[in-house]
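Report on one structure; see the data block that follows.
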Amino acid sequence: MNARQSGDEPLMMAMALPDVPVLVGKNRFQTGTLAIAEFKPDDDFIG
């Protein structure tokens with residue numbers, strides 16, 4: 001993915017934090033729901 005596709009800030013975050021998933025989407029709710037389903041957070045902050 002490049003900055004044109006994702007935006008420059010998400011790209012910089014992904015490059016700086018290679019072990020952390022960075023998701024980008026037009027609909028924040030849908031993207032967040034996907035993140036919860038895909039990565040199954042184990043804390044009480046999300047989910």
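Identifiers in the structure tokens: chain A, B, ... in order shown; residue index from 1 per chain; ligand index from 1 in order shown.
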Env of Ala35 of chain A: 9 Å cut, atoms = only C-alpha atoms, seq-sep filter 5 positions within chain, self excluded. Answer as a ChimeraX atom specification.
/A:21,23,30,40-41
Which of chain A end up as helix (DSSP H, G or I) when DSSP is run on this backbone - answer as a count of residues only?
25
Hey, what's within 10 Å of Val24 of chain A if we count only C-alpha atoms and toss same-chain stuff fewer than 5 positions away? As a ChimeraX atom specification, please?
/A:5-7,10-11,31-32
Write the residues you've just listed into a file as a short mmCIF file (atom, residue, chain, number, x, y, z; two decimals), in the first residue's frame, and include C-alpha atoms for each of them.
data_model
loop_
_atom_site.label_atom_id
_atom_site.label_comp_id
_atom_site.auth_asym_id
_atom_site.auth_seq_id
_atom_site.Cartn_x
_atom_site.Cartn_y
_atom_site.Cartn_z
CA GLN A 5 -4.11 4.63 -1.22
CA SER A 6 -4.02 4.91 2.57
CA GLY A 7 -3.04 8.47 3.39
CA PRO A 10 -1.56 5.68 8.38
CA LEU A 11 1.40 4.75 6.17
CA THR A 31 -13.55 -0.66 9.92
CA GLY A 32 -13.62 -0.88 13.71
#
